[in-house]
file start.pdb (PDB, C-alpha atoms)
MODEL        1
ATOM      1  CA  MET A   4       0.000   0.000   0.000
ATOM      2  CA  SER A   5       2.737   2.533   0.768
ATOM      3  CA  ALA A   6       4.132   2.552  -2.800
ATOM      4  CA  LYS A   7       0.574   2.919  -4.062
ATOM      5  CA  PHE A   8      -0.053   5.612  -1.429
ATOM      6  CA  GLN A   9       3.022   7.552  -2.614
ATOM      7  CA  GLU A  10       1.794   7.295  -6.181
ATOM      8  CA  ILE A  11      -1.636   8.630  -5.144
ATOM      9  CA  ILE A  12      -0.332  11.629  -3.169
ATOM     10  CA  ASN A  13       2.273  12.596  -5.792
ATOM     11  CA  SER A  14      -0.533  13.769  -8.082
ATOM     12  CA  ASP A  15      -0.570  17.344  -9.337
ATOM     13  CA  ARG A  16      -4.310  17.305  -8.590
ATOM     14  CA  PRO A  17      -5.128  17.863  -4.916
ATOM     15  CA  VAL A  18      -5.706  14.583  -3.078
ATOM     16  CA  LEU A  19      -7.832  14.594   0.068
ATOM     17  CA  ILE A  20      -6.968  11.705   2.354
ATOM     18  CA  ASP A  21      -9.517  10.853   5.041
ATOM     19  CA  PHE A  22      -8.035   8.662   7.759
ATOM     20  CA  PHE A  23     -11.015   6.928   9.366
ATOM     21  CA  ALA A  24     -12.073   3.911  11.410
ATOM     22  CA  THR A  25     -15.191   1.802  10.918
ATOM     23  CA  TRP A  26     -16.087   2.117  14.625
ATOM     24  CA  CYS A  27     -15.885   5.939  14.597
ATOM     25  CA  ASN A  28     -19.247   7.750  14.463
ATOM     26  CA  PRO A  29     -17.830  11.159  13.367
ATOM     27  CA  CYS A  30     -16.064   9.262  10.552
ATOM     28  CA  LYS A  31     -19.451   8.043   9.303
ATOM     29  CA  VAL A  32     -20.617  11.664   9.193
ATOM     30  CA  MET A  33     -17.494  12.587   7.208
ATOM     31  CA  ALA A  34     -18.201   9.837   4.657
ATOM     32  CA  SER A  35     -21.423  11.569   3.584
ATOM     33  CA  VAL A  36     -19.695  14.984   3.646
ATOM     34  CA  LEU A  37     -16.980  13.602   1.356
ATOM     35  CA  ASN A  38     -19.596  12.278  -1.076
ATOM     36  CA  SER A  39     -21.065  15.783  -1.338
ATOM     37  CA  VAL A  40     -17.618  17.346  -1.746
ATOM     38  CA  LYS A  41     -16.804  14.851  -4.529
ATOM     39  CA  GLU A  42     -19.995  15.865  -6.362
ATOM     40  CA  LYS A  43     -18.918  19.518  -6.172
ATOM     41  CA  VAL A  44     -15.260  19.170  -7.209
ATOM     42  CA  GLY A  45     -15.649  16.262  -9.639
ATOM     43  CA  SER A  46     -12.421  14.976 -11.142
ATOM     44  CA  ALA A  47     -10.473  18.147 -10.261
ATOM     45  CA  ALA A  48      -9.520  16.544  -6.930
ATOM     46  CA  ARG A  49      -9.228  12.993  -5.677
ATOM     47  CA  ILE A  50     -10.698  11.773  -2.400
ATOM     48  CA  VAL A  51      -9.278   8.654  -0.761
ATOM     49  CA  MET A  52     -10.399   7.042   2.484
ATOM     50  CA  ILE A  53      -7.851   5.065   4.485
ATOM     51  CA  ASP A  54      -8.913   2.794   7.347
ATOM     52  CA  VAL A  55      -6.405   3.310  10.169
ATOM     53  CA  ASP A  56      -7.041  -0.220  11.462
ATOM     54  CA  GLN A  57      -6.107  -1.742   8.071
ATOM     55  CA  TYR A  58      -3.174   0.594   7.368
ATOM     56  CA  PRO A  59      -1.763   1.626  10.774
ATOM     57  CA  GLN A  60       1.717   2.198   9.331
ATOM     58  CA  ILE A  61       0.472   4.928   6.966
ATOM     59  CA  ALA A  62      -1.543   6.584   9.759
ATOM     60  CA  ALA A  63       1.535   6.474  12.012
ATOM     61  CA  GLN A  64       3.738   7.910   9.268
ATOM     62  CA  TYR A  65       1.553  11.043   9.227
ATOM     63  CA  GLY A  66       1.099  11.261  12.992
ATOM     64  CA  VAL A  67      -2.598  10.398  12.961
ATOM     65  CA  ARG A  68      -3.651   9.914  16.580
ATOM     66  CA  GLY A  69      -7.389  10.496  16.257
ATOM     67  CA  VAL A  70      -9.972  10.010  13.550
ATOM     68  CA  PRO A  71     -11.285  11.455  11.372
ATOM     69  CA  ALA A  72      -8.039  13.094  10.279
ATOM     70  CA  LEU A  73      -8.013  14.898   6.958
ATOM     71  CA  PHE A  74      -4.979  15.732   4.843
ATOM     72  CA  VAL A  75      -4.759  17.426   1.462
ATOM     73  CA  PHE A  76      -1.680  16.494  -0.571
ATOM     74  CA  LYS A  77      -0.481  18.098  -3.771
ATOM     75  CA  ASN A  78       2.645  16.875  -5.559
ATOM     76  CA  GLY A  79       3.451  14.695  -2.534
ATOM     77  CA  GLU A  80       3.385  17.612  -0.055
ATOM     78  CA  ILE A  81       0.882  18.127   2.760
ATOM     79  CA  VAL A  82      -0.775  21.447   1.939
ATOM     80  CA  TRP A  83      -3.575  21.276   4.551
ATOM     81  CA  GLN A  84      -4.558  19.093   7.481
ATOM     82  CA  HIS A  85      -7.345  18.959  10.039
ATOM     83  CA  SER A  86      -8.453  16.683  12.870
ATOM     84  CA  GLY A  87     -12.167  16.134  13.346
ATOM     85  CA  THR A  88     -15.169  16.730  11.148
ATOM     86  CA  VAL A  89     -15.446  19.518   8.576
ATOM     87  CA  ASP A  90     -18.561  20.722   6.783
ATOM     88  CA  VAL A  91     -19.113  20.366   3.031
ATOM     89  CA  ASN A  92     -18.628  24.037   2.125
ATOM     90  CA  THR A  93     -15.419  24.452   4.126
ATOM     91  CA  LEU A  94     -13.893  21.316   2.638
ATOM     92  CA  THR A  95     -14.975  22.274  -0.887
ATOM     93  CA  ASP A  96     -13.393  25.727  -0.420
ATOM     94  CA  VAL A  97     -10.163  24.196   0.904
ATOM     95  CA  LEU A  98      -9.876  21.902  -2.125
ATOM     96  CA  ALA A  99     -10.839  24.697  -4.538
ATOM     97  CA  GLY A 100      -7.871  26.678  -3.241
ATOM     98  CA  PHE A 101      -5.512  23.953  -4.486
ATOM     99  CA  ILE A 102      -7.241  23.168  -7.790
ATOM    100  CA  GLU A 103      -5.773  24.692 -10.916
ATOM    101  CA  LYS A 104      -8.378  26.838 -12.654
ATOM    102  CA  SER A 105      -7.888  24.787 -15.828
ATOM    103  CA  ASP A 106      -8.902  21.615 -13.942
ATOM    104  CA  LEU A 107     -12.272  22.887 -12.770
ATOM    105  CA  PRO A 108     -15.290  21.171 -14.311
TER
ENDMDL
END

call {"tool": "encode", "arguments": {"input": "start.pdb", "output": "structure tokens"}}
result
Amino acid sequence: MSAKFQEIINSDRPVLIDFFATWCNPCKVMASVLNSVKEKVGSAARIVMIDVDQYPQIAAQYGVRGVPALFVFKNGEIVWQHSGTVDVNTLTDVLAGFIEKSDLP
């Protein structure tokens, strides 16, 4: 997974990584928020959910201690991060700030 993870985050499109756990109620809320965000940004950004129980080494690599934990990567760099839930409009605005105008739908 970590080679694949590196490939995913090295994109020139913004990549939102949601570190979550299946037992986490706020994470379930974030799943529906992320669906709405995906509808708004389309293919201009990628959204990936990573289960911290299945991939603890990746969560540890980025210092994830609580879930949900959100990271936006662009070209392999962390450009934004947040612990806890975020609403649809805030998350859409965050991603829009990292999307090239030419990539907007």

call {"tool": "atom_distance", "arguments": {"input": "start.pdb", "atom1": "CA of Trp83 in chain A", "atom2": "CA of Asp15 in chain A"}}
result
14.7 Å

call {"tool": "resolve_selection", "arguments": {"input": "start.pdb", "expression": "the PyMOL selection byres ((chain A and resi 27) around 12)", "output": "PyMOL selection string"}}
result
chain A and resi 22-26+28-34+54-56+69-72+87-88

call {"tool": "resolve_selection", "arguments": {"input": "start.pdb", "expression": "the PyMOL selection byres ((chain A and resi 45) around 12)", "output": "tab-separated table (two decimals) with C-alpha atoms, in the frame of the given file"}}
result
chain	number	residue	atom	x	y	z
A	16	ARG	CA	-4.31	17.30	-8.59
A	17	PRO	CA	-5.13	17.86	-4.92
A	37	LEU	CA	-16.98	13.60	1.36
A	38	ASN	CA	-19.60	12.28	-1.08
A	39	SER	CA	-21.06	15.78	-1.34
A	40	VAL	CA	-17.62	17.35	-1.75
A	41	LYS	CA	-16.80	14.85	-4.53
A	42	GLU	CA	-20.00	15.86	-6.36
A	43	LYS	CA	-18.92	19.52	-6.17
A	44	VAL	CA	-15.26	19.17	-7.21
A	46	SER	CA	-12.42	14.98	-11.14
A	47	ALA	CA	-10.47	18.15	-10.26
A	48	ALA	CA	-9.52	16.54	-6.93
A	49	ARG	CA	-9.23	12.99	-5.68
A	50	ILE	CA	-10.70	11.77	-2.40
A	95	THR	CA	-14.98	22.27	-0.89
A	98	LEU	CA	-9.88	21.90	-2.12
A	99	ALA	CA	-10.84	24.70	-4.54
A	102	ILE	CA	-7.24	23.17	-7.79
A	106	ASP	CA	-8.90	21.62	-13.94
A	107	LEU	CA	-12.27	22.89	-12.77
A	108	PRO	CA	-15.29	21.17	-14.31

call {"tool": "resolve_selection", "arguments": {"input": "start.pdb", "expression": "the PyMOL selection byres ((chain A and resi 51) around 7)", "output": "PyMOL selection string"}}
result
chain A and resi 19-21+49-50+52-53

call {"tool": "closest_residue", "arguments": {"input": "start.pdb", "among": "A:Leu73, A:Phe101, A:Ile12, A:Pro59", "to": "His85 in chain A", "atoms": "all atoms listed in the file"}}
result
A:Leu73

call {"tool": "atom_distance", "arguments": {"input": "start.pdb", "atom1": "CA of Ala63 in chain A", "atom2": "CA of Val91 in chain A"}}
result
26.5 Å

call {"tool": "residues_around", "arguments": {"input": "start.pdb", "residues": "Val89 in chain A", "least_positions_apart": "3", "cutoff": "8 Å", "atoms": "all atoms listed in the file", "output": "list of chain:residue names"}}
result
A:Met33, A:Val36, A:Thr93, A:Leu94

call {"tool": "atom_distance", "arguments": {"input": "start.pdb", "atom1": "CA of Ile11 in chain A", "atom2": "CA of Gln84 in chain A"}}
result
16.7 Å

call {"tool": "residues_near_point", "arguments": {"input": "start.pdb", "point": "(0.0, 12.5, -1.7)", "cutoff": "8 Å", "atoms": "all atoms listed in the file", "output": "PyMOL selection string"}}
result
chain A and resi 8-14+18+75-81
